[in-house]
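Asks: Next up, run27.txt (compact mmCIF, C-alpha atoms).
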# COMPACT_ATOMS: atom_id res chain seq x y z
CA MET A 9 77.36 32.37 18.52
CA ALA A 10 77.75 29.09 16.63
CA PRO A 11 80.84 28.80 14.42
CA ARG A 12 80.27 29.56 10.76
CA THR A 13 80.16 26.72 8.28
CA LYS A 14 83.35 26.50 6.26
CA ILE A 15 82.96 26.09 2.51
CA SER A 16 85.87 25.04 0.32
CA LEU A 17 86.48 26.91 -2.91
CA PRO A 18 85.50 23.88 -5.09
CA GLN A 19 82.28 23.57 -3.08
CA ALA A 20 81.55 27.28 -3.58
CA ARG A 21 82.04 26.90 -7.33
CA ARG A 22 79.66 23.96 -7.47
CA ILE A 23 77.06 25.83 -5.42
CA ALA A 24 77.28 28.85 -7.73
CA LEU A 25 77.09 26.76 -10.91
CA ALA A 26 74.16 24.73 -9.59
CA ALA A 27 72.24 27.85 -8.57
CA GLN A 28 72.40 28.93 -12.21
CA GLY A 29 71.41 25.53 -13.57
CA PHE A 30 74.77 24.40 -14.93
CA HIS A 31 74.63 21.14 -12.97
CA GLU A 32 71.72 19.85 -15.07
CA ALA A 33 72.03 18.03 -18.38
CA ARG A 34 70.70 19.92 -21.37
CA PRO A 35 67.32 18.73 -22.63
CA ASP A 36 67.14 16.87 -25.92
CA ASP A 37 64.46 19.27 -27.11
CA ALA A 38 64.18 22.53 -25.16
CA SER A 39 60.58 23.60 -24.72
CA LEU A 40 58.70 26.58 -23.32
CA ARG A 41 58.73 24.79 -19.96
CA HIS A 42 62.54 24.82 -19.92
CA VAL A 43 62.64 28.52 -20.80
CA LYS A 44 60.19 29.33 -18.02
CA ARG A 45 62.16 27.23 -15.57
CA HIS A 46 65.30 29.21 -16.25
CA LEU A 47 63.43 32.47 -15.75
CA GLN A 48 62.13 31.17 -12.42
CA ARG A 49 65.70 30.34 -11.43
CA ALA A 50 67.45 33.50 -12.63
CA HIS A 51 64.51 35.93 -12.22
CA LEU A 52 65.79 38.15 -15.05
CA LEU A 53 67.73 38.30 -18.31
CA GLN A 54 69.96 41.26 -19.03
CA ILE A 55 69.34 43.13 -22.28
CA ASP A 56 72.18 44.76 -24.20
CA SER A 57 72.42 46.37 -27.62
CA VAL A 58 75.61 44.58 -28.72
CA ASN A 59 74.72 42.16 -31.51
CA VAL A 60 78.09 41.00 -32.80
CA LEU A 61 77.10 37.40 -32.00
CA VAL A 62 73.51 37.37 -30.72
CA ARG A 63 71.55 39.68 -28.43
CA ALA A 64 72.55 39.25 -24.80
CA HIS A 65 69.18 38.08 -23.45
CA TYR A 66 69.15 35.03 -25.73
CA MET A 67 72.54 33.69 -24.66
CA PRO A 68 71.97 32.51 -21.06
CA LEU A 69 69.28 30.12 -22.27
CA PHE A 70 71.56 28.74 -24.98
CA SER A 71 74.36 28.27 -22.44
CA ARG A 72 72.08 26.11 -20.30
CA LEU A 73 69.61 24.56 -22.76
CA GLY A 74 71.57 24.31 -25.99
CA SER A 75 69.92 24.93 -29.35
CA TYR A 76 66.50 26.25 -28.35
CA ASP A 77 63.98 28.19 -30.43
CA ARG A 78 64.44 31.89 -29.68
CA ASP A 79 60.75 32.47 -30.39
CA LEU A 80 60.07 30.73 -27.08
CA LEU A 81 61.74 33.60 -25.27
CA GLU A 82 59.93 36.14 -27.45
CA THR A 83 56.66 34.50 -26.37
CA ILE A 84 57.18 34.98 -22.65
CA ALA A 85 58.79 38.38 -23.16
CA TYR A 86 56.26 40.12 -25.40
CA HIS A 87 53.24 37.98 -26.33
CA PRO A 88 50.13 39.93 -25.23
CA LYS A 89 48.47 36.91 -23.61
CA LYS A 90 51.48 34.76 -22.67
CA ARG A 91 53.81 37.42 -21.31
CA GLU A 92 55.72 36.43 -18.18
CA THR A 93 58.23 39.26 -18.04
CA PHE A 94 58.37 43.03 -17.99
CA GLU A 95 61.23 45.29 -18.99
CA TYR A 96 62.80 47.48 -16.36
CA TRP A 97 66.08 48.36 -14.72
CA GLY A 98 66.98 45.19 -12.81
CA HIS A 99 70.57 44.29 -13.51
CA GLU A 100 70.88 47.13 -16.02
CA ALA A 101 68.07 46.94 -18.59
CA SER A 102 66.46 43.54 -18.10
CA LEU A 103 63.58 41.24 -18.82
CA ILE A 104 62.31 40.58 -15.30
CA SER A 105 59.90 37.94 -14.04
CA LEU A 106 56.41 39.49 -13.85
CA ASP A 107 55.84 38.45 -10.27
CA LEU A 108 58.60 40.85 -9.23
CA HIS A 109 56.83 43.91 -10.64
CA PRO A 110 55.41 44.96 -7.24
CA HIS A 111 58.89 44.68 -5.76
CA PHE A 112 60.30 47.26 -8.17
CA ARG A 113 57.67 49.92 -7.56
CA TRP A 114 59.79 51.52 -4.83
CA ARG A 115 62.50 52.06 -7.47
CA MET A 116 59.92 53.55 -9.81
CA ALA A 117 58.67 55.85 -7.03
CA ARG A 118 62.20 57.00 -6.30
CA ALA A 119 62.76 57.72 -9.98
CA ALA A 120 59.56 59.77 -10.07
CA ARG A 121 61.01 61.84 -7.21
CA GLY A 122 64.24 62.35 -9.13
CA GLU A 123 66.17 59.75 -7.13
CA GLY A 124 67.94 56.64 -8.33
CA THR A 125 68.39 57.72 -11.98
CA TYR A 126 71.53 59.25 -13.36
CA GLY A 127 71.88 62.96 -12.76
CA GLY A 128 71.12 64.25 -16.26
CA LEU A 129 67.83 62.38 -16.49
CA ALA A 130 66.83 63.42 -12.98
CA ARG A 131 67.45 67.09 -13.84
CA PHE A 132 65.51 66.68 -17.08
CA GLY A 133 62.60 65.23 -15.10
CA LYS A 134 62.49 68.25 -12.81
CA GLU A 135 63.00 70.89 -15.50
CA LYS A 136 60.77 69.41 -18.23
CA ARG A 137 57.83 68.01 -16.30
CA ALA A 138 55.20 69.66 -18.54
CA PHE A 139 56.92 68.31 -21.67
CA ILE A 140 57.17 64.84 -20.14
CA GLU A 141 53.43 64.91 -19.43
CA GLN A 142 52.80 65.83 -23.07
CA VAL A 143 54.82 62.80 -24.15
CA ARG A 144 52.91 60.57 -21.72
CA ARG A 145 49.62 61.79 -23.15
CA GLU A 146 50.81 61.08 -26.69
CA ILE A 147 51.72 57.52 -25.66
CA GLU A 148 48.28 57.22 -24.10
CA THR A 149 46.68 58.34 -27.37
CA ARG A 150 48.92 56.61 -29.91
CA GLY A 151 50.89 53.83 -28.18
CA PRO A 152 52.64 51.55 -28.62
CA ILE A 153 55.16 53.72 -30.48
CA GLY A 154 58.90 54.22 -30.66
CA ALA A 155 60.80 57.34 -29.66
CA GLY A 156 61.28 58.36 -33.29
CA GLU A 157 57.52 58.41 -33.88
CA LEU A 158 56.75 61.07 -31.30
CA SER A 159 55.29 64.19 -32.89
CA ILE A 160 57.11 66.38 -30.34
CA GLY A 161 60.21 64.28 -29.87
CA GLY A 162 62.83 66.53 -31.42
CA LYS A 163 66.09 65.41 -32.97
CA SER A 164 68.80 63.19 -31.56
CA GLN A 165 71.88 65.07 -30.43
CA GLY A 166 74.69 62.96 -31.84
CA ALA A 167 75.49 59.25 -31.60
CA TRP A 168 75.35 56.82 -28.69
CA TRP A 169 73.62 58.57 -25.79
CA GLY A 170 72.82 61.76 -27.72
CA TRP A 171 69.11 61.35 -27.01
CA SER A 172 66.40 63.65 -28.28
CA ASP A 173 64.21 65.34 -25.71
CA GLY A 174 61.43 62.92 -26.64
CA LYS A 175 63.66 59.93 -25.90
CA ARG A 176 64.72 61.51 -22.60
CA ALA A 177 61.08 61.98 -21.66
CA LEU A 178 60.29 58.36 -22.52
CA GLU A 179 63.25 57.09 -20.50
CA TRP A 180 62.18 59.20 -17.52
CA LEU A 181 58.65 57.80 -17.80
CA PHE A 182 60.10 54.30 -18.12
CA TRP A 183 62.22 54.73 -14.97
CA ALA A 184 59.17 56.06 -13.12
CA GLY A 185 57.01 53.12 -14.26
CA GLU A 186 54.56 55.37 -16.11
CA VAL A 187 55.27 53.64 -19.43
CA THR A 188 56.69 50.23 -20.20
CA THR A 189 57.87 48.20 -23.17
CA ALA A 190 54.97 46.74 -25.13
CA THR A 191 57.25 44.97 -27.58
CA ARG A 192 60.35 45.61 -29.67
CA ARG A 193 60.68 46.34 -33.36
CA GLY A 194 64.04 44.87 -34.20
CA PHE A 195 65.78 46.14 -31.11
CA GLU A 196 63.80 49.38 -30.85
CA ARG A 197 61.67 49.64 -27.75
CA LEU A 198 57.98 50.45 -28.35
CA TYR A 199 56.42 52.19 -25.39
CA ASP A 200 52.88 51.98 -24.02
CA LEU A 201 51.01 52.41 -20.75
CA PRO A 202 51.49 49.59 -18.22
CA GLU A 203 47.73 49.01 -17.94
CA ARG A 204 47.61 48.15 -21.65
CA VAL A 205 50.62 45.84 -21.52
CA LEU A 206 50.86 44.07 -18.17
CA PRO A 207 48.25 41.66 -16.76
CA SER A 208 45.72 43.27 -14.45
CA ASP A 209 46.38 40.74 -11.69
CA VAL A 210 50.02 41.88 -11.61
CA LEU A 211 49.15 45.57 -11.58
CA ASN A 212 46.52 44.98 -8.88
CA THR A 213 48.93 43.10 -6.61
CA PRO A 214 49.46 45.22 -3.48
CA THR A 215 52.71 47.15 -3.37
CA PRO A 216 54.96 45.97 -0.52
CA ASP A 217 56.74 48.57 1.54
CA GLU A 218 60.21 49.53 0.39
CA ASN A 219 62.05 47.50 3.00
CA GLU A 220 60.15 44.29 2.29
CA ALA A 221 60.55 44.75 -1.46
CA GLN A 222 64.31 45.05 -1.04
CA ARG A 223 64.38 42.01 1.22
CA GLU A 224 62.56 39.99 -1.43
CA LEU A 225 64.99 41.10 -4.12
CA LEU A 226 67.88 40.00 -1.93
CA ARG A 227 66.15 36.66 -1.27
CA ARG A 228 65.87 36.15 -5.02
CA SER A 229 69.50 37.19 -5.43
CA ILE A 230 70.84 34.56 -3.04
CA ARG A 231 68.68 31.88 -4.65
CA ALA A 232 70.08 32.80 -8.06
CA LEU A 233 73.66 33.01 -6.81
CA GLY A 234 73.75 30.19 -4.26
CA ILE A 235 76.62 31.78 -2.38
CA ALA A 236 77.62 35.43 -2.41
CA SER A 237 79.34 38.33 -0.73
CA GLU A 238 77.40 41.46 0.17
CA ARG A 239 78.69 43.11 -3.00
CA CYS A 240 77.48 40.20 -5.15
CA LEU A 241 74.08 40.19 -3.48
CA ARG A 242 73.35 43.84 -4.09
CA ASP A 243 74.80 43.75 -7.59
CA TYR A 244 72.27 41.18 -8.83
CA PHE A 245 69.39 43.68 -8.83
CA ARG A 246 71.64 46.73 -8.47
CA LEU A 247 70.59 47.73 -4.98
CA SER A 248 72.51 50.60 -3.41
CA PRO A 249 75.14 49.80 -0.74
CA GLN A 250 73.03 51.66 1.84
CA ASP A 251 69.87 49.67 1.10
CA ALA A 252 71.70 46.34 1.04
CA LYS A 253 73.55 47.00 4.29
CA ALA A 254 70.25 47.76 6.02
CA ARG A 255 68.42 44.68 4.72
CA ILE A 256 71.08 41.94 4.89
CA PRO A 257 71.20 41.74 8.72
CA GLU A 258 67.41 41.39 8.73
CA LEU A 259 67.64 38.46 6.31
CA VAL A 260 70.37 36.84 8.39
CA GLU A 261 68.18 37.10 11.48
CA ALA A 262 65.25 35.61 9.54
CA GLY A 263 67.42 32.71 8.37
CA ASP A 264 67.19 33.57 4.66
CA LEU A 265 70.92 34.24 4.51
CA VAL A 266 73.33 31.84 6.21
CA PRO A 267 76.71 33.41 7.08
CA VAL A 268 79.59 31.14 6.07
CA THR A 269 83.30 31.35 5.41
CA VAL A 270 84.82 30.41 2.07
CA GLU A 271 88.38 29.37 1.49
CA GLY A 272 90.37 32.38 0.28
CA TRP A 273 87.50 34.88 0.53
CA SER A 274 87.63 37.86 2.85
CA GLY A 275 84.66 39.68 4.30
CA PRO A 276 81.12 38.41 4.97
CA VAL A 277 79.85 35.61 2.73
CA TYR A 278 76.29 34.28 2.66
CA LEU A 279 74.82 30.96 1.60
CA ASP A 280 71.31 30.25 0.36
CA ARG A 281 69.74 28.08 3.04
CA GLN A 282 68.33 25.81 0.29
CA ALA A 283 71.45 25.83 -1.88
CA LYS A 284 72.27 22.70 -3.87
CA MET A 285 75.81 21.39 -3.46
CA PRO A 286 76.33 18.69 -6.09
CA ARG A 287 79.31 16.40 -5.79
CA ARG A 288 80.40 17.43 -9.25
CA VAL A 289 79.31 19.65 -12.12
CA GLU A 290 79.91 18.65 -15.72
CA ALA A 291 79.08 21.88 -17.53
CA ARG A 292 80.00 22.73 -21.10
CA ALA A 293 79.01 26.24 -22.06
CA LEU A 294 80.10 29.37 -23.82
CA VAL A 295 78.70 32.17 -21.70
CA SER A 296 77.96 35.76 -22.62
CA PRO A 297 79.70 38.69 -20.92
CA PHE A 298 76.17 39.48 -19.69
CA ASP A 299 75.58 36.11 -17.99
CA PRO A 300 74.97 36.10 -14.22
CA ILE A 301 77.78 33.59 -13.71
CA VAL A 302 80.29 36.31 -14.70
CA TRP A 303 78.36 39.55 -14.03
CA GLU A 304 80.22 40.59 -10.91
CA ARG A 305 83.88 40.47 -11.92
CA THR A 306 85.36 40.21 -8.42
CA ARG A 307 83.12 37.19 -7.79
CA THR A 308 84.33 35.63 -11.05
CA GLU A 309 87.93 36.06 -9.91
CA ARG A 310 87.23 34.62 -6.47
CA LEU A 311 85.25 31.64 -7.72
CA PHE A 312 87.18 30.71 -10.84
CA ASP A 313 90.52 32.53 -10.54
CA PHE A 314 89.49 34.16 -13.81
CA HIS A 315 90.25 37.84 -14.41
CA TYR A 316 87.66 38.97 -16.94
CA ARG A 317 86.98 42.30 -18.58
CA ILE A 318 84.87 42.89 -21.66
CA GLU A 319 86.93 44.78 -24.26
CA ILE A 320 84.17 46.24 -26.44
CA TYR A 321 85.06 49.76 -25.33
CA THR A 322 88.82 49.17 -25.37
CA PRO A 323 90.66 50.60 -28.42
CA ALA A 324 91.48 47.78 -30.84
CA GLU A 325 95.23 48.16 -30.41
CA LYS A 326 94.93 47.76 -26.64
CA ARG A 327 92.69 44.67 -26.60
CA GLU A 328 94.28 41.62 -25.07
CA PHE A 329 91.74 38.92 -25.94
CA GLY A 330 89.25 40.38 -28.42
CA TYR A 331 86.18 42.55 -28.99
CA TYR A 332 83.51 40.05 -27.84
CA CYS A 333 85.23 37.38 -25.81
CA LEU A 334 83.10 34.65 -24.25
CA PRO A 335 84.29 32.63 -21.26
CA PHE A 336 84.16 28.89 -21.87
CA VAL A 337 82.97 26.86 -18.88
CA LEU A 338 84.07 23.23 -18.86
CA GLY A 339 83.32 21.01 -15.91
CA GLU A 340 83.59 23.27 -12.87
CA LYS A 341 86.09 25.76 -14.28
CA ILE A 342 86.38 28.57 -16.80
CA VAL A 343 89.06 27.21 -19.09
CA ALA A 344 89.28 29.62 -22.04
CA ARG A 345 88.20 32.86 -23.70
CA VAL A 346 86.75 32.67 -27.20
CA ASP A 347 86.33 35.79 -29.36
CA LEU A 348 83.32 35.20 -31.62
CA LYS A 349 81.37 36.97 -34.33
CA ALA A 350 78.35 35.92 -36.38
CA ASP A 351 78.74 36.88 -40.04
CA ARG A 352 75.07 36.68 -40.95
CA VAL A 353 75.58 37.76 -44.57
CA LYS A 354 77.96 34.89 -45.30
CA GLY A 355 76.35 32.45 -42.87
CA ASN A 356 79.60 31.99 -40.99
CA LEU A 357 80.54 31.76 -37.31
CA ILE A 358 83.92 33.48 -37.03
CA VAL A 359 86.23 32.35 -34.23
CA HIS A 360 88.71 35.22 -34.12
CA SER A 361 90.82 33.78 -31.32
CA ILE A 362 90.91 31.20 -28.53
CA HIS A 363 92.89 31.82 -25.37
CA PRO A 364 93.12 28.82 -23.01
CA GLU A 365 93.79 29.45 -19.35
CA ALA A 366 97.26 28.55 -18.07
CA SER A 367 95.85 25.56 -16.17
CA VAL A 368 94.79 23.69 -19.33
CA THR A 369 96.26 22.71 -22.67
CA PRO A 370 94.57 23.33 -26.03
CA ASP A 371 94.13 19.59 -26.58
CA GLU A 372 92.32 19.22 -23.25
CA ILE A 373 89.60 21.68 -24.17
CA ALA A 374 89.40 21.38 -27.96
CA PRO A 375 86.95 18.44 -28.30
CA ALA A 376 84.35 20.02 -26.01
CA LEU A 377 84.87 23.49 -27.47
CA GLY A 378 84.49 22.16 -31.01
CA ASP A 379 81.18 20.55 -30.05
CA GLU A 380 79.99 23.80 -28.50
CA LEU A 381 80.95 25.89 -31.52
CA ARG A 382 79.13 23.52 -33.87
CA LEU A 383 76.05 23.68 -31.64
CA MET A 384 76.18 27.47 -31.60
CA ALA A 385 76.53 27.71 -35.37
CA GLU A 386 73.52 25.40 -35.78
CA TRP A 387 71.50 27.46 -33.29
CA LEU A 388 72.30 30.71 -35.06
CA GLY A 389 71.58 29.22 -38.49
CA LEU A 390 75.18 29.63 -39.65
CA GLY A 391 76.37 27.00 -42.10
CA SER A 392 80.11 27.28 -41.57
CA ILE A 393 82.74 28.02 -38.93
CA THR A 394 86.03 29.80 -39.48
CA ALA A 395 88.72 29.40 -36.83
CA PRO A 396 92.45 30.19 -36.48
CA LYS A 397 94.61 27.75 -38.45
CA ALA A 398 96.31 26.39 -35.34
CA TRP A 399 92.91 25.34 -33.94
CA ARG A 400 91.09 23.94 -36.97
CA LYS A 401 92.37 20.39 -36.68
CA ARG A 402 92.01 20.32 -32.89
CA LEU A 403 88.41 21.49 -33.13
CA GLU A 404 87.68 19.12 -36.03
CA LEU A 405 86.16 21.95 -38.06
Before anything else, please render the file you have as structure tokens.
Replies:
Amino acid sequence: MAPRTKISLPQARRIALAAQGFHEARPDDASLRHVKRHLQRAHLLQIDSVNVLVRAHYMPLFSRLGSYDRDLLETIAYHPKKRETFEYWGHEASLISLDLHPHFRWRMARAARGEGTYGGLARFGKEKRAFIEQVRREIETRGPIGAGELSIGGKSQGAWWGWSDGKRALEWLFWAGEVTTATRRGFERLYDLPERVLPSDVLNTPTPDENEAQRELLRRSIRALGIASERCLRDYFRLSPQDAKARIPELVEAGDLVPVTVEGWSGPVYLDRQAKMPRRVEARALVSPFDPIVWERTRTERLFDFHYRIEIYTPAEKREFGYYCLPFVLGEKIVARVDLKADRVKGNLIVHSIHPEASVTPDEIAPALGDELRLMAEWLGLGSITAPKAWRKRLEL
């Protein structure tokens, strides 16, 4: 067996950043072509309900493209004739590239059998099958509609995940691929039948067998990551450990995954055989907690020596860095955490706090961070920025 290629930690960082497009200069005027290119590179955009700054699926494009028109993403996400994504469970709820729809049908089939969903929804699917079919028929007759518009939906049972039976039925149907998201009203999902939403050429594409579909998802994962452990690879599209362990050796044998060693990393590590390894990366980006570059927290620690946890669900008195803290990437490193909020009523970008990493000084990062904050405020249509007193002069705000 030939010795494995050794990758230094700086090389691994550059590979990972390049795989996600951070090695490229931002365009002067981001167009639909740039948005599509990112989707082709990342394959999906995670959706999340938190809107303290901006919805999660908009942020990765801003981090890479700068001040782009969010309607461009809406076009490829929901326009009836220009749609290039579908919503499904990819990396959590996600906008996923349409060409991957056939490769998620095995997950839909498992869900229909009561596998692969969380236990409560699986039990509901088995116990309430007649009711679920009634809901499906109502969507067929009336769609696209929201959960609250169902005539037989029932009432929500409390806050957060206290879903009504109608919402549970819709989510079961969504998992099983029997309904999909036609569009969103605000952030509310409007459900309809796939044949009325998705292009016929996508729906008519033959369904690959389960093993090949999983292999393709792992191929896409390594392209999007550049370099990854087994855990990182399966996390990208949330494959189970069992499925990933079965498929990864097959991809190694086929040459799609190249086993390597990385300085300071234990366990198997895999390289994309077509990975870019730039000599340097000059990134400048505030990235969302839901950005692929920081999704898998152990990977973030290995690559950037950056221990990161989102503190949204941490009681206020126990938060260390802030409610919605964004990592700040500068060059090839994550150099700070910035807790941000968009006050849309007052038209103000609020910088609650800035926490530089120990390896940098405030003056080293302030000029670039100030530029990024001004760009973000412009992008969000906010006319002012409020920052802690100790930072205002440094940031030139």
Asks: Using only C-alpha atoms, can you tell me which of A:Pro375, A:Pro207, A:Gly29, A:Gly194 comes closest to His87 of chain A?
Replies: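 Closest to His87 of chain A, using only C-alpha atoms: A:Pro207.
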Asks: Could you check the closest approach to Asp280 of chain A for each of A:Arg246, A:Thr215, A:Met384, A:Ala27 and tell me which residue wins, using all atoms listed in the file?
Replies: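 Of all the options, A:Ala27 lies closest to Asp280 of chain A.
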Asks: List the neighbours of Ile256 of chain A out to 9 Å using all atoms listed in the file; skip same-chain residues closer than 3 positions along the sequence, and give me the result as JSON, numbers by chain.
Replies: {"A": [223, 226, 238, 251, 252, 253, 259, 260, 261, 265]}
Asks: Can I get the selection written as a PDB file, keeping the file's coordinate frame, with C-alpha atoms?
Replies:
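Resulting contents of selection.pdb:
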ATOM      1  CA  ARG A 223      64.380  42.010   1.220  1.00  0.00           C
ATOM      2  CA  LEU A 226      67.880  40.000  -1.930  1.00  0.00           C
ATOM      3  CA  GLU A 238      77.400  41.460   0.170  1.00  0.00           C
ATOM      4  CA  ASP A 251      69.870  49.670   1.100  1.00  0.00           C
ATOM      5  CA  ALA A 252      71.700  46.340   1.040  1.00  0.00           C
ATOM      6  CA  LYS A 253      73.550  47.000   4.290  1.00  0.00           C
ATOM      7  CA  LEU A 259      67.640  38.460   6.310  1.00  0.00           C
ATOM      8  CA  VAL A 260      70.370  36.840   8.390  1.00  0.00           C
ATOM      9  CA  GLU A 261      68.180  37.100  11.480  1.00  0.00           C
ATOM     10  CA  LEU A 265      70.920  34.240   4.510  1.00  0.00           C
TER      11      LEU A 265
END
Asks: Calculate how many Å separate atom CA of Arg12 of chain A from atom CA of Thr269 of chain A, rounding to one decimal.
Replies: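 Computed distance, atom CA of Arg12 of chain A to atom CA of Thr269 of chain A, equals 6.4 Å.
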Asks: Would you please work out which residue, of A:Thr93, A:Thr125, A:Gln250, A:Gln28, is nearest to Thr189 of chain A when using all atoms listed in the file?
Replies: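 Of A:Thr93, A:Thr125, A:Gln250, A:Gln28, the one nearest Thr189 of chain A is A:Thr93, counting all atoms listed in the file.
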Asks: Choose the residue, out of A:Arg113, A:Lys284, A:Arg227, A:Arg78, that has the smallest atom-to-atom separation from Gly263 of chain A; count all atoms listed in the file.
Replies: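 Distance minimum relative to Gly263 of chain A lands on A:Arg227.
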Asks: What lies within 9 Å of His315 of chain A using all atoms listed in the file, ignoring chain neighbours under 5 positions off, as a PyMOL selection string?
Replies: chain A and resi 305-306+308-309
Asks: Which residue gives the smallest distance to Arg197 of chain A among A:Glu95, A:Glu146, A:Asp209, A:Glu319, with only C-alpha atoms counted?
Replies: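 Once distances to Arg197 of chain A are computed over only C-alpha atoms, the minimum belongs to A:Glu95.
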Asks: Taking only C-alpha atoms into account, which of A:Arg72, A:Lys14, A:Lys136, A:Arg228 comes nearest Gly98 of chain A?
Replies: A:Arg228
Asks: Leaving out Arg34 of chain A and any residue of its chain fewer than 3 positions from it, which residues lie within 10 Å of it when counting all atoms listed in the file, given as a ChimeraX atom specification?
Replies: /A:29-31,37-38,42,70-75,291-292
Asks: Would you compute the distance between atom CA of Trp183 of chain A and atom CA of Leu61 of chain A? Give it in Å to one decimal.
Replies: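 According to the coordinates, atom CA of Trp183 of chain A and atom CA of Leu61 of chain A are separated by 28.5 Å.
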